[in-house]
file run_7.tsv (TSV, C-alpha atoms and all ligand atoms)
chain	number	residue	atom	x	y	z
A	22	MET	CA	-172.50	-133.23	198.22
A	23	LYS	CA	-172.87	-134.73	194.76
A	24	LEU	CA	-173.47	-132.54	191.76
A	25	THR	CA	-176.42	-134.03	189.98
A	26	SER	CA	-177.74	-133.02	186.64
A	27	ARG	CA	-180.34	-130.44	187.45
A	28	ILE	CA	-181.57	-127.10	186.33
A	29	ILE	CA	-180.90	-124.10	188.48
A	30	THR	CA	-183.67	-122.01	187.02
A	31	THR	CA	-183.03	-118.31	186.66
A	32	ASP	CA	-185.03	-115.68	184.86
A	33	ARG	CA	-182.43	-115.69	182.14
A	34	THR	CA	-180.22	-118.71	181.71
A	35	PRO	CA	-180.75	-122.30	182.84
A	36	VAL	CA	-177.57	-123.84	184.26
A	37	PHE	CA	-177.21	-127.62	184.09
A	38	ALA	CA	-174.43	-129.04	186.25
A	39	GLY	CA	-173.28	-132.56	186.95
A	40	ASP	CA	-172.29	-135.86	185.40
A	41	HIS	CA	-175.27	-135.85	183.05
A	42	ALA	CA	-175.17	-132.18	182.11
A	43	LEU	CA	-174.18	-132.88	178.51
A	44	ALA	CA	-177.28	-135.02	178.03
A	45	SER	CA	-179.32	-131.83	178.39
A	46	VAL	CA	-177.66	-130.02	175.47
A	47	ASP	CA	-179.85	-131.58	172.78
A	48	LYS	CA	-182.98	-131.23	174.88
A	49	LEU	CA	-182.47	-127.47	175.27
A	50	ILE	CA	-181.51	-126.93	171.62
A	51	SER	CA	-184.61	-128.82	170.46
A	52	SER	CA	-187.05	-127.34	172.97
A	53	LEU	CA	-185.99	-123.75	172.24
A	54	HIS	CA	-185.67	-124.44	168.47
A	55	LEU	CA	-182.13	-123.07	168.52
A	56	GLY	CA	-179.75	-123.20	165.58
A	57	ARG	CA	-182.25	-123.25	162.74
A	58	ASP	CA	-179.71	-121.39	160.57
A	59	GLY	CA	-176.88	-123.73	161.55
A	60	ILE	CA	-174.91	-124.63	164.66
A	61	PHE	CA	-171.29	-123.57	165.14
A	62	VAL	CA	-168.97	-124.87	167.86
A	63	LEU	CA	-166.12	-122.62	169.00
A	64	VAL	CA	-163.08	-124.49	170.37
A	65	ASP	CA	-159.40	-123.89	170.96
A	66	LYS	CA	-156.68	-126.42	170.22
A	67	ASN	CA	-156.91	-128.10	173.63
A	68	THR	CA	-160.68	-128.28	173.88
A	69	LYS	CA	-160.86	-129.58	170.32
A	70	GLN	CA	-158.59	-132.44	171.35
A	71	HIS	CA	-159.86	-133.15	174.88
A	72	CYS	CA	-163.51	-132.08	174.99
A	73	LEU	CA	-165.00	-132.02	171.50
A	74	PRO	CA	-165.05	-135.83	171.03
A	75	LEU	CA	-167.21	-136.34	174.13
A	76	ALA	CA	-169.42	-133.34	173.34
A	77	VAL	CA	-170.27	-134.65	169.85
A	78	GLN	CA	-170.79	-138.13	171.25
A	79	LYS	CA	-173.37	-136.76	173.68
A	80	SER	CA	-175.15	-134.42	171.27
A	81	VAL	CA	-176.54	-135.14	167.82
A	82	HIS	CA	-176.83	-131.40	167.23
A	83	LEU	CA	-173.14	-130.81	167.96
A	84	ALA	CA	-172.11	-133.82	165.86
A	85	GLY	CA	-173.49	-132.06	162.81
A	86	ALA	CA	-172.09	-128.61	163.64
A	87	VAL	CA	-169.43	-126.52	161.91
A	88	ILE	CA	-166.25	-126.25	164.03
A	89	LEU	CA	-164.56	-122.87	164.47
A	90	GLU	CA	-161.10	-122.96	166.05
A	91	ILE	CA	-159.03	-120.27	167.73
A	92	ASP	CA	-155.57	-120.30	169.30
A	93	GLY	CA	-155.80	-120.85	173.04
A	94	GLY	CA	-154.88	-118.18	175.57
A	95	GLU	CA	-155.68	-114.64	176.59
A	96	ALA	CA	-154.24	-113.12	173.39
A	97	SER	CA	-157.21	-114.55	171.48
A	98	LYS	CA	-159.65	-112.40	173.46
A	99	SER	CA	-159.23	-109.60	170.95
A	100	LEU	CA	-161.21	-107.63	168.38
A	101	LEU	CA	-158.95	-109.13	165.72
A	102	THR	CA	-160.02	-112.69	166.58
A	103	ALA	CA	-163.65	-111.59	166.91
A	104	GLU	CA	-163.51	-110.06	163.42
A	105	ARG	CA	-162.04	-113.24	162.00
A	106	LEU	CA	-164.82	-115.29	163.59
A	107	TRP	CA	-167.52	-112.93	162.28
A	108	LYS	CA	-166.04	-113.37	158.79
A	109	ASP	CA	-165.94	-117.16	159.24
A	110	LEU	CA	-169.59	-117.17	160.31
A	111	LEU	CA	-170.55	-115.03	157.33
A	112	ALA	CA	-168.61	-117.22	154.90
A	113	ALA	CA	-170.29	-120.32	156.32
A	114	GLY	CA	-173.73	-118.78	155.81
A	115	ALA	CA	-174.63	-118.25	159.48
A	116	GLY	CA	-177.89	-116.38	159.88
A	117	ARG	CA	-179.77	-114.68	162.69
A	118	ARG	CA	-181.13	-117.98	163.96
A	119	SER	CA	-177.75	-119.68	164.08
A	120	LEU	CA	-176.43	-120.94	167.39
A	121	LEU	CA	-172.88	-120.59	168.66
A	122	VAL	CA	-171.71	-123.22	171.14
A	123	ASN	CA	-168.71	-122.12	173.22
A	124	LEU	CA	-166.80	-125.24	174.20
A	125	GLY	CA	-163.80	-124.14	176.22
A	126	GLY	CA	-162.45	-122.09	179.09
A	127	GLY	CA	-163.11	-118.48	179.98
A	128	VAL	CA	-161.37	-117.18	176.87
A	129	VAL	CA	-163.68	-119.17	174.59
A	130	SER	CA	-166.85	-118.20	176.50
A	131	ASP	CA	-165.96	-114.49	176.86
A	132	LEU	CA	-164.94	-114.22	173.19
A	133	GLY	CA	-167.68	-116.49	171.85
A	134	GLY	CA	-170.35	-114.61	173.79
A	135	PHE	CA	-168.97	-111.34	172.42
A	136	VAL	CA	-169.02	-112.68	168.87
A	137	ALA	CA	-172.58	-113.97	169.31
A	138	ALA	CA	-173.73	-110.62	170.74
A	139	GLY	CA	-172.35	-108.71	167.77
A	140	TYR	CA	-173.08	-111.00	164.81
A	141	LYS	CA	-176.10	-109.69	162.90
A	142	ARG	CA	-176.97	-107.75	166.09
A	143	GLY	CA	-177.13	-110.90	168.17
A	144	ILE	CA	-177.46	-114.64	167.70
A	145	GLY	CA	-178.08	-117.27	170.37
A	146	TYR	CA	-175.25	-118.98	172.16
A	147	ILE	CA	-174.71	-121.62	174.82
A	148	ASN	CA	-171.67	-122.22	177.02
A	149	ILE	CA	-170.13	-125.60	177.72
A	150	PRO	CA	-167.27	-124.61	180.02
A	151	THR	CA	-164.34	-127.00	180.14
A	152	SER	CA	-161.87	-125.31	182.54
A	153	LEU	CA	-162.40	-124.94	186.27
A	154	MET	CA	-162.37	-121.15	185.76
A	155	GLY	CA	-165.09	-121.44	183.15
A	156	GLN	CA	-167.21	-123.85	185.20
A	157	ALA	CA	-166.96	-121.94	188.47
A	158	ASP	CA	-167.29	-118.46	187.05
A	159	ALA	CA	-166.69	-117.29	183.49
A	160	ALA	CA	-169.43	-119.22	181.68
A	161	ILE	CA	-172.15	-118.03	184.06
A	162	GLY	CA	-173.66	-114.56	184.11
A	163	GLY	CA	-173.67	-113.31	180.53
A	164	LYS	CA	-170.67	-110.97	180.70
A	165	THR	CA	-168.98	-111.17	177.32
A	166	SER	CA	-165.88	-109.23	176.36
A	167	VAL	CA	-162.59	-108.79	174.58
A	168	ASN	CA	-159.49	-106.99	175.78
A	169	LEU	CA	-158.38	-103.69	174.31
A	170	GLY	CA	-154.62	-103.87	173.92
A	171	PRO	CA	-153.34	-104.75	177.38
A	172	VAL	CA	-156.45	-103.60	179.22
A	173	LYS	CA	-158.79	-106.39	180.28
A	174	ASN	CA	-162.42	-106.73	179.22
A	175	GLN	CA	-162.82	-103.15	177.99
A	176	VAL	CA	-165.24	-103.87	175.16
A	177	GLY	CA	-168.18	-106.14	175.75
A	178	PHE	CA	-171.84	-106.74	176.32
A	179	PHE	CA	-174.11	-108.07	179.00
A	180	TYR	CA	-175.60	-110.78	176.79
A	181	PRO	CA	-176.99	-113.91	178.44
A	182	ALA	CA	-176.43	-117.41	177.09
A	183	LYS	CA	-179.42	-119.60	176.26
A	184	GLY	CA	-177.99	-122.27	178.55
A	185	VAL	CA	-174.86	-123.32	180.44
A	186	PHE	CA	-173.83	-126.99	180.71
A	187	ILE	CA	-171.23	-127.85	183.34
A	188	PHE	CA	-169.68	-131.31	183.16
A	189	PRO	CA	-166.99	-131.52	185.91
A	190	GLY	CA	-165.34	-134.52	184.18
A	191	PHE	CA	-163.79	-132.12	181.66
A	192	GLN	CA	-161.43	-130.95	184.42
A	193	THR	CA	-159.45	-134.21	184.32
A	194	THR	CA	-157.34	-133.08	181.33
A	195	LEU	CA	-156.65	-129.56	182.63
A	196	SER	CA	-153.05	-128.64	183.44
A	197	CYS	CA	-152.13	-128.12	187.11
A	198	ASP	CA	-151.55	-124.43	186.45
A	199	HIS	CA	-155.04	-123.90	185.03
A	200	LEU	CA	-156.56	-125.96	187.81
A	201	ARG	CA	-154.89	-123.66	190.35
A	202	SER	CA	-156.02	-120.61	188.38
A	203	GLY	CA	-159.66	-121.77	188.49
A	204	MET	CA	-159.32	-122.54	192.19
A	205	ALA	CA	-158.75	-118.81	192.82
A	206	GLU	CA	-162.34	-118.01	191.79
A	207	ILE	CA	-163.64	-120.97	193.80
A	208	ILE	CA	-161.86	-119.61	196.86
A	209	LYS	CA	-163.16	-116.11	196.14
A	210	SER	CA	-166.76	-117.33	196.11
A	211	ALA	CA	-166.30	-118.85	199.56
A	212	ILE	CA	-164.46	-115.84	201.02
A	213	VAL	CA	-167.10	-113.43	199.80
A	214	GLY	CA	-170.23	-115.52	200.10
A	215	ASN	CA	-169.80	-118.48	202.43
A	216	ALA	CA	-167.77	-118.00	205.61
A	217	ARG	CA	-168.38	-121.56	206.84
A	218	LEU	CA	-167.05	-123.05	203.63
A	219	TRP	CA	-164.01	-120.75	203.77
A	220	LYS	CA	-163.28	-122.09	207.28
A	221	ARG	CA	-163.41	-125.65	205.95
A	222	ILE	CA	-161.11	-124.73	203.06
A	223	LEU	CA	-158.55	-123.40	205.54
A	224	VAL	CA	-158.27	-126.90	207.03
A	225	TYR	CA	-156.67	-128.03	203.76
A	226	SER	CA	-153.32	-126.86	202.49
A	227	PRO	CA	-153.65	-125.38	198.99
A	228	ALA	CA	-151.64	-128.33	197.61
A	229	ASP	CA	-153.92	-130.89	199.27
A	230	LEU	CA	-157.02	-129.11	198.00
A	231	LEU	CA	-155.69	-129.03	194.44
A	232	GLY	CA	-154.69	-132.67	194.76
A	233	LEU	CA	-158.32	-133.77	195.26
A	234	ALA	CA	-159.83	-135.38	192.17
A	235	PRO	CA	-162.57	-133.38	190.40
A	236	GLU	CA	-165.14	-135.98	191.55
A	237	HIS	CA	-164.08	-135.76	195.23
A	238	PRO	CA	-167.15	-134.68	197.28
A	239	PHE	CA	-165.41	-131.60	198.68
A	240	ARG	CA	-164.22	-130.46	195.24
A	241	LEU	CA	-167.77	-130.90	193.94
A	242	GLU	CA	-169.14	-129.01	196.91
A	243	LEU	CA	-166.77	-126.11	196.23
A	244	LEU	CA	-167.77	-126.03	192.57
A	245	ALA	CA	-171.47	-126.23	193.43
A	246	ASN	CA	-171.05	-123.35	195.90
A	247	ALA	CA	-169.33	-121.17	193.29
A	248	ILE	CA	-171.99	-121.91	190.65
A	249	ARG	CA	-174.86	-121.30	193.07
A	250	PHE	CA	-173.35	-118.11	194.48
A	251	LYS	CA	-172.58	-116.59	191.10
A	252	ASN	CA	-175.98	-117.52	189.75
A	253	GLU	CA	-177.83	-116.05	192.73
A	254	VAL	CA	-175.92	-112.78	192.47
A	255	VAL	CA	-176.36	-112.49	188.72
A	256	VAL	CA	-180.09	-113.15	188.88
A	257	LYS	CA	-180.48	-110.28	191.35
A	258	ASP	CA	-178.20	-107.81	189.58
A	259	PHE	CA	-177.46	-108.84	185.99
A	260	ARG	CA	-176.09	-105.45	184.92
A	261	GLU	CA	-173.84	-104.95	187.94
A	262	GLN	CA	-175.60	-101.95	189.42
A	263	LYS	CA	-174.41	-102.86	192.92
A	264	LEU	CA	-174.69	-106.42	194.30
A	265	ARG	CA	-172.78	-108.07	191.42
A	266	LYS	CA	-169.73	-106.04	192.37
A	267	VAL	CA	-169.22	-108.48	195.27
A	268	LEU	CA	-167.85	-110.90	192.67
A	269	ASN	CA	-165.01	-108.48	191.97
A	270	PHE	CA	-163.15	-109.16	195.22
A	271	GLY	CA	-159.47	-109.32	194.22
A	272	HIS	CA	-160.14	-108.18	190.66
A	273	THR	CA	-159.26	-104.46	190.81
A	274	ILE	CA	-155.56	-105.02	191.45
A	275	GLY	CA	-155.76	-108.51	189.88
A	276	HIS	CA	-156.81	-107.22	186.46
A	277	ALA	CA	-154.13	-104.51	186.57
A	278	LEU	CA	-151.42	-107.04	187.44
A	279	GLU	CA	-152.66	-109.41	184.76
A	280	ALA	CA	-152.56	-106.64	182.14
A	281	TYR	CA	-149.10	-105.52	183.34
A	282	SER	CA	-147.80	-109.08	183.06
A	283	GLN	CA	-149.04	-109.46	179.46
A	284	ALA	CA	-146.65	-106.76	178.17
A	285	GLU	CA	-143.86	-107.94	175.91
A	286	GLY	CA	-140.84	-109.32	177.71
A	287	ARG	CA	-142.78	-110.13	180.90
A	288	ASN	CA	-144.03	-113.45	182.16
A	289	PRO	CA	-147.84	-113.47	181.62
A	290	MET	CA	-149.89	-114.27	184.73
A	291	LEU	CA	-152.86	-116.60	184.53
A	292	HIS	CA	-156.14	-114.85	185.36
A	293	GLY	CA	-156.66	-116.81	188.58
A	294	ASP	CA	-153.09	-116.20	189.77
A	295	ALA	CA	-153.66	-112.47	189.23
A	296	VAL	CA	-156.97	-112.62	191.12
A	297	ALA	CA	-155.22	-114.47	193.95
A	298	ALA	CA	-152.61	-111.69	194.11
A	299	GLY	CA	-155.45	-109.16	194.04
A	300	MET	CA	-157.15	-110.95	196.94
A	301	VAL	CA	-153.98	-110.63	199.03
A	302	CYS	CA	-154.03	-106.88	198.39
A	303	ALA	CA	-157.80	-106.72	199.00
A	304	ALA	CA	-157.38	-108.52	202.33
A	305	PHE	CA	-154.77	-105.95	203.36
A	306	LEU	CA	-157.06	-103.08	202.34
A	307	SER	CA	-160.02	-104.75	204.07
A	308	ASN	CA	-158.05	-104.77	207.32
A	309	ARG	CA	-157.32	-101.04	206.96
A	310	LYS	CA	-160.61	-99.82	205.48
A	311	THR	CA	-163.45	-102.17	206.46
A	312	ASP	CA	-162.23	-103.62	209.77
A	313	LEU	CA	-161.41	-107.14	208.61
A	314	PRO	CA	-159.92	-108.62	211.81
A	315	THR	CA	-156.15	-109.01	211.62
A	316	GLY	CA	-156.32	-112.76	212.32
A	317	GLU	CA	-158.70	-113.27	209.37
A	318	MET	CA	-156.45	-111.17	207.12
A	319	VAL	CA	-153.35	-113.15	208.10
A	320	ALA	CA	-155.14	-116.49	207.56
A	321	LEU	CA	-156.31	-115.41	204.12
A	322	ILE	CA	-152.96	-113.99	203.02
A	323	SER	CA	-151.00	-116.97	204.37
A	324	TRP	CA	-153.24	-119.51	202.62
A	325	ILE	CA	-153.14	-117.74	199.28
A	326	THR	CA	-149.42	-117.02	199.30
A	327	ALA	CA	-148.75	-120.69	200.14
A	328	GLY	CA	-150.83	-121.83	197.17
A	329	PHE	CA	-150.24	-119.34	194.39
A	330	PRO	CA	-146.99	-118.16	192.77
A	331	SER	CA	-145.79	-114.68	193.70
A	332	TYR	CA	-145.22	-112.16	190.94
A	333	PRO	CA	-142.47	-109.66	191.62
A	334	VAL	CA	-143.11	-106.10	190.48
A	335	PRO	CA	-140.18	-103.67	190.68
A	336	GLY	CA	-140.97	-100.54	192.71
A	337	SER	CA	-140.36	-98.43	189.61
A	338	ASP	CA	-143.34	-100.18	187.90
A	339	LEU	CA	-145.91	-99.63	190.65
A	340	GLN	CA	-147.07	-96.46	188.91
A	341	THR	CA	-147.77	-98.48	185.75
A	342	ILE	CA	-150.03	-100.78	187.77
A	343	MET	CA	-151.81	-97.73	189.22
A	344	GLU	CA	-152.38	-96.37	185.70
A	345	LEU	CA	-153.86	-99.69	184.56
A	346	MET	CA	-156.17	-99.67	187.58
A	347	LYS	CA	-157.67	-96.38	186.40
A	348	HIS	CA	-159.45	-98.36	183.65
A	349	ASP	CA	-161.38	-100.45	186.18
A	350	LYS	CA	-165.05	-100.29	185.35
A	351	LYS	CA	-166.04	-99.82	189.02
A	352	ASN	CA	-164.27	-96.46	189.25
A	353	THR	CA	-166.32	-93.30	189.50
A	354	ALA	CA	-165.32	-89.64	189.70
A	355	GLY	CA	-161.68	-90.55	189.24
A	356	GLN	CA	-161.63	-92.68	192.41
A	357	ILE	CA	-160.41	-96.26	192.40
A	358	ARG	CA	-163.11	-98.33	194.11
A	359	PHE	CA	-162.68	-101.75	195.62
A	360	THR	CA	-164.79	-104.65	196.72
A	361	LEU	CA	-163.55	-105.52	200.20
A	362	ILE	CA	-164.82	-107.63	203.10
A	363	SER	CA	-165.44	-106.75	206.73
A	364	LYS	CA	-165.46	-110.48	207.54
A	365	PRO	CA	-165.45	-113.59	205.38
A	366	GLY	CA	-168.98	-113.79	203.96
A	367	ILE	CA	-169.62	-110.05	204.47
A	368	PRO	CA	-168.58	-108.12	201.37
A	369	ARG	CA	-168.55	-104.34	201.06
A	370	VAL	CA	-168.62	-102.70	197.64
A	371	ASP	CA	-167.55	-99.32	196.26
A	372	ILE	CA	-164.86	-98.63	198.87
A	373	ALA	CA	-162.66	-95.83	197.55
A	374	CYS	CA	-158.95	-96.22	198.33
A	375	ASP	CA	-156.21	-93.63	197.94
A	376	PRO	CA	-153.19	-94.28	195.72
A	377	SER	CA	-150.97	-94.39	198.83
A	378	GLU	CA	-153.15	-97.12	200.37
A	379	ILE	CA	-153.09	-99.11	197.14
A	380	ILE	CA	-149.31	-98.84	196.90
A	381	GLU	CA	-149.09	-100.08	200.49
A	382	ALA	CA	-151.31	-103.05	199.59
A	383	LEU	CA	-149.08	-103.87	196.62
A	384	ALA	CA	-146.06	-103.67	198.90
A	385	CYS	CA	-147.80	-106.11	201.26
A	386	TYR	CA	-148.26	-108.49	198.32
A	387	GLN	CA	-144.54	-108.25	197.55
A	388	GLU	CA	-143.59	-108.89	201.21
A	389	PRO	CA	-146.55	-110.76	202.75
A	390	ARG	CA	-144.56	-112.16	205.65
A	391	GLN	CA	-144.28	-108.72	207.21
A	392	VAL	CA	-148.05	-108.34	207.48
A	393	GLY	CA	-149.81	-108.71	210.78
B	401	LIG	N1	-167.10	-113.40	181.97
B	401	LIG	C1	-166.82	-113.62	183.23
B	401	LIG	O1	-167.67	-113.43	184.11
B	401	LIG	C2	-165.46	-114.11	183.60
B	401	LIG	C3	-165.21	-114.57	184.91
B	401	LIG	C4	-163.95	-115.09	185.21
B	401	LIG	C5	-162.96	-115.13	184.23
B	401	LIG	N2	-163.24	-114.65	182.98
B	401	LIG	C6	-162.21	-114.69	181.94
B	401	LIG	O2	-161.84	-116.06	181.73
B	401	LIG	C7	-160.53	-116.08	181.17
B	401	LIG	C8	-159.72	-117.16	181.87
B	401	LIG	O3	-160.40	-118.39	181.74
B	401	LIG	P1	-159.58	-119.77	181.68
B	401	LIG	O4	-158.64	-119.82	182.80
B	401	LIG	O5	-160.56	-120.85	181.51
B	401	LIG	O6	-158.68	-119.56	180.39
B	401	LIG	P2	-158.61	-120.33	179.00
B	401	LIG	O7	-159.92	-120.32	178.31
B	401	LIG	O8	-157.45	-119.75	178.29
B	401	LIG	O9	-158.32	-121.84	179.42
B	401	LIG	C9	-157.12	-122.14	180.06
B	401	LIG	C10	-156.31	-123.19	179.26
B	401	LIG	O10	-156.87	-124.46	179.51
B	401	LIG	C11	-157.13	-125.11	178.27
B	401	LIG	N3	-158.30	-125.95	178.51
B	401	LIG	C12	-159.57	-125.57	178.76
B	401	LIG	N4	-160.31	-126.65	179.06
B	401	LIG	C13	-159.49	-127.72	179.00
B	401	LIG	C14	-159.68	-129.11	179.24
B	401	LIG	N5	-160.85	-129.60	179.65
B	401	LIG	N6	-158.62	-129.94	179.09
B	401	LIG	C15	-157.40	-129.44	178.72
B	401	LIG	N7	-157.17	-128.14	178.51
B	401	LIG	C16	-158.20	-127.30	178.64
B	401	LIG	C17	-157.34	-124.01	177.27
B	401	LIG	O11	-157.07	-124.46	175.98
B	401	LIG	C18	-156.31	-122.99	177.75
B	401	LIG	O12	-155.04	-123.35	177.26
B	401	LIG	C19	-159.93	-114.70	181.37
B	401	LIG	O13	-159.92	-114.03	180.14
B	401	LIG	C20	-160.92	-114.01	182.31
B	401	LIG	O14	-160.96	-112.63	182.13
B	401	LIG	C21	-164.45	-114.16	182.66
call {"tool": "encode", "arguments": {"input": "run_7.tsv", "output": "structure tokens", "more": "lines below"}}
Ligand SMILES: NC(=O)c1ccc[n+]([C@@H]2O[C@H](COP(=O)([O-])OP(=O)(O)OC[C@H]3O[C@@H](n4cnc5c(N)ncnc54)[C@H](O)[C@@H]3O)[C@@H](O)[C@H]2O)c1
result
Amino acid sequence: MKLTSRIITTDRTPVFAGDHALASVDKLISSLHLGRDGIFVLVDKNTKQHCLPLAVQKSVHLAGAVILEIDGGEASKSLLTAERLWKDLLAAGAGRRSLLVNLGGGVVSDLGGFVAAGYKRGIGYINIPTSLMGQADAAIGGKTSVNLGPVKNQVGFFYPAKGVFIFPGFQTTLSCDHLRSGMAEIIKSAIVGNARLWKRILVYSPADLLGLAPEHPFRLELLANAIRFKNEVVVKDFREQKLRKVLNFGHTIGHALEAYSQAEGRNPMLHGDAVAAGMVCAAFLSNRKTDLPTGEMVALISWITAGFPSYPVPGSDLQTIMELMKHDKKNTAGQIRFTLISKPGIPRVDIACDPSEIIEALACYQEPRQVG
């Protein structure tokens, strides 16, 4: 399937995806009269180098914009960086009708959306995601946030973008590690929402799948599936009352591991690697709690552990991971709640798991070969 430039119309945010997606940026800005008090483009060092030149070539509006730059990486998703950007916007005379254009990966779109939501009680923003993670997931759905110390996404708003523009060609300059990280969310979309696609993914080894060029028809099909799935879910349940929780498969333990790994002296995990680890644990819990057949669990765990790096956690630190999990926004009444599956394509949300079950799942992640 080829991704063509087209609008997936939602009640909130139009998503343009495909080779000609960038050609739609000016059309949307003009038709919605965005940026009358100035246009600002948020980049990090890498997207300034690799993506900004093409973006300004394709858009007259962006060519005349003020550039705001942040350091790349998760550490920038902080209140400190948000405050600096608010001050930069103020100093540059940004007003209520200014437009912020987030040109970058998930860090840029999460942070930029947060900054837009807070500045003068809310200015418009659009996302032009440049990483696979951003294109498949982060830029869609209007969840904006910053981290609070080590804890992920604790302060934020549901604040929809005016438009999302997905140009797959940006992926060509991504590092292998960030490509793999984005692939985790692509895989998640298939496991949770498209059993037939998941079966077809299993035919590939993870290395072969990652080796496909961004314009390969199967890679485009996977991206299109992730975009469509996320968009459909978000349109039905923007504020995550219930259905949207299906997107959190792998994220409860994943976010805790990611936060744990960010502490000083440890080796920080990429978001997608942490989600992949979380999906291994979620598959184990799904087998125990929601009757995921053992064969399906083994297939999922084997595929993921072959494709993603393992992250050793000493037994003495498991309690730290449990503590971090207590901040998960899905928890209620002190219970840690998971999104699990009973089969690929059949998600189950709000499944409470006991600490002992979670510890067992983490142990399975540490020793996946003993599962079965
Ligand atoms: N809001 C949501 O719904 C949602 C969903 C998933 C993930 N997220 C968040 O997204 C973040 C992770 O996103 P990410 O993996 O994109 O991280 P990122 O934004 O840090 O990008 C990864 C790296 O790739 C570089 N990069 C981006 N595009 C590039 C390009 N085209 N060429 C070369 N380098 C490029 C960046 O500079 C960075 O170094 C996490 O904070 C996660 O919590 C949010």
call {"tool": "atom_distance", "arguments": {"input": "run_7.tsv", "atom1": "atom CA of A:Ser80", "atom2": "atom CA of A:Phe188"}}
result
13.5 Å
call {"tool": "residues_around", "arguments": {"input": "run_7.tsv", "residues": "stretch 73-76 of chain A", "least_positions_apart": "5", "cutoff": "12 Å", "atoms": "all atoms listed in the file", "output": "short mmCIF file (atom, residue, chain, number, x, y, z; two decimals) with C-alpha atoms, in the frame of the given file"}}
result
data_model
loop_
_atom_site.label_atom_id
_atom_site.label_comp_id
_atom_site.auth_asym_id
_atom_site.auth_seq_id
_atom_site.Cartn_x
_atom_site.Cartn_y
_atom_site.Cartn_z
CA HIS A 41 -175.27 -135.85 183.05
CA ALA A 42 -175.17 -132.18 182.11
CA LEU A 43 -174.18 -132.88 178.51
CA ALA A 44 -177.28 -135.02 178.03
CA SER A 45 -179.32 -131.83 178.39
CA VAL A 46 -177.66 -130.02 175.47
CA ASP A 47 -179.85 -131.58 172.78
CA VAL A 62 -168.97 -124.87 167.86
CA LEU A 63 -166.12 -122.62 169.00
CA VAL A 64 -163.08 -124.49 170.37
CA ASP A 65 -159.40 -123.89 170.96
CA LYS A 66 -156.68 -126.42 170.22
CA ASN A 67 -156.91 -128.10 173.63
CA THR A 68 -160.68 -128.28 173.88
CA VAL A 81 -176.54 -135.14 167.82
CA HIS A 82 -176.83 -131.40 167.23
CA LEU A 83 -173.14 -130.81 167.96
CA ALA A 84 -172.11 -133.82 165.86
CA GLY A 85 -173.49 -132.06 162.81
CA ALA A 86 -172.09 -128.61 163.64
CA VAL A 87 -169.43 -126.52 161.91
CA ILE A 88 -166.25 -126.25 164.03
CA LEU A 89 -164.56 -122.87 164.47
CA GLU A 90 -161.10 -122.96 166.05
CA VAL A 122 -171.71 -123.22 171.14
CA ASN A 123 -168.71 -122.12 173.22
CA LEU A 124 -166.80 -125.24 174.20
CA GLY A 125 -163.80 -124.14 176.22
CA ASN A 148 -171.67 -122.22 177.02
CA ILE A 149 -170.13 -125.60 177.72
CA PRO A 150 -167.27 -124.61 180.02
CA THR A 151 -164.34 -127.00 180.14
CA PHE A 186 -173.83 -126.99 180.71
CA ILE A 187 -171.23 -127.85 183.34
CA PHE A 188 -169.68 -131.31 183.16
CA GLY A 190 -165.34 -134.52 184.18
CA PHE A 191 -163.79 -132.12 181.66
#
call {"tool": "residues_near_ligand", "arguments": {"input": "run_7.tsv", "ligand": "ligand LIG 401 (chain B)", "cutoff": "6 Å", "atoms": "all atoms listed in the file", "output": "number ranges by chain"}}
result
A: 65, 67-68, 71-72, 93-95, 125-129, 131, 151-152, 154-155, 158-159, 164-165, 191-192, 194-195, 199, 292
call {"tool": "atom_distance", "arguments": {"input": "run_7.tsv", "atom1": "atom CA of A:Leu268", "atom2": "atom CA of A:Asn288"}}
result
26.2 Å
call {"tool": "residues_around", "arguments": {"input": "run_7.tsv", "residues": "stretch 353-361 of chain A", "least_positions_apart": "2", "cutoff": "7 Å", "atoms": "all atoms listed in the file", "output": "list in words"}}
result
Lys266, Val267, Asn269, Phe270, Thr273, Ala303, Ser307, Lys347, Lys351, Ser363, Pro368, Arg369, Val370, Asp371, Ile372, Ala373 and Cys374 of chain A
call {"tool": "residues_around", "arguments": {"input": "run_7.tsv", "residues": "stretch 310-320 of chain A", "least_positions_apart": "6", "cutoff": "7 Å", "atoms": "all atoms listed in the file", "output": "VMD selection string"}}
result
chain A and resid 304 362 to 364 393
call {"tool": "closest_residue", "arguments": {"input": "run_7.tsv", "among": "A:Tyr281, A:Tyr140, A:Tyr332, A:Tyr225", "to": "A:Gly116", "atoms": "only C-alpha atoms"}}
result
A:Tyr140
call {"tool": "closest_residue", "arguments": {"input": "run_7.tsv", "among": "A:Val172, A:Ala211, A:Ala115, A:Leu120", "to": "A:Ile248", "atoms": "only C-alpha atoms"}}
result
A:Ala211
call {"tool": "atom_distance", "arguments": {"input": "run_7.tsv", "atom1": "atom CA of A:Asp40", "atom2": "atom CA of A:Arg265"}}
result
28.4 Å
call {"tool": "closest_residue", "arguments": {"input": "run_7.tsv", "among": "A:Glu344, A:Ser130, A:Ile144, A:Val176", "to": "A:Leu100", "atoms": "only C-alpha atoms"}}
result
A:Val176
call {"tool": "residues_around", "arguments": {"input": "run_7.tsv", "residues": "A:Ala182", "least_positions_apart": "3", "cutoff": "7 Å", "atoms": "all atoms listed in the file", "output": "VMD selection string"}}
result
chain A and resid 34 145 to 148 163 185
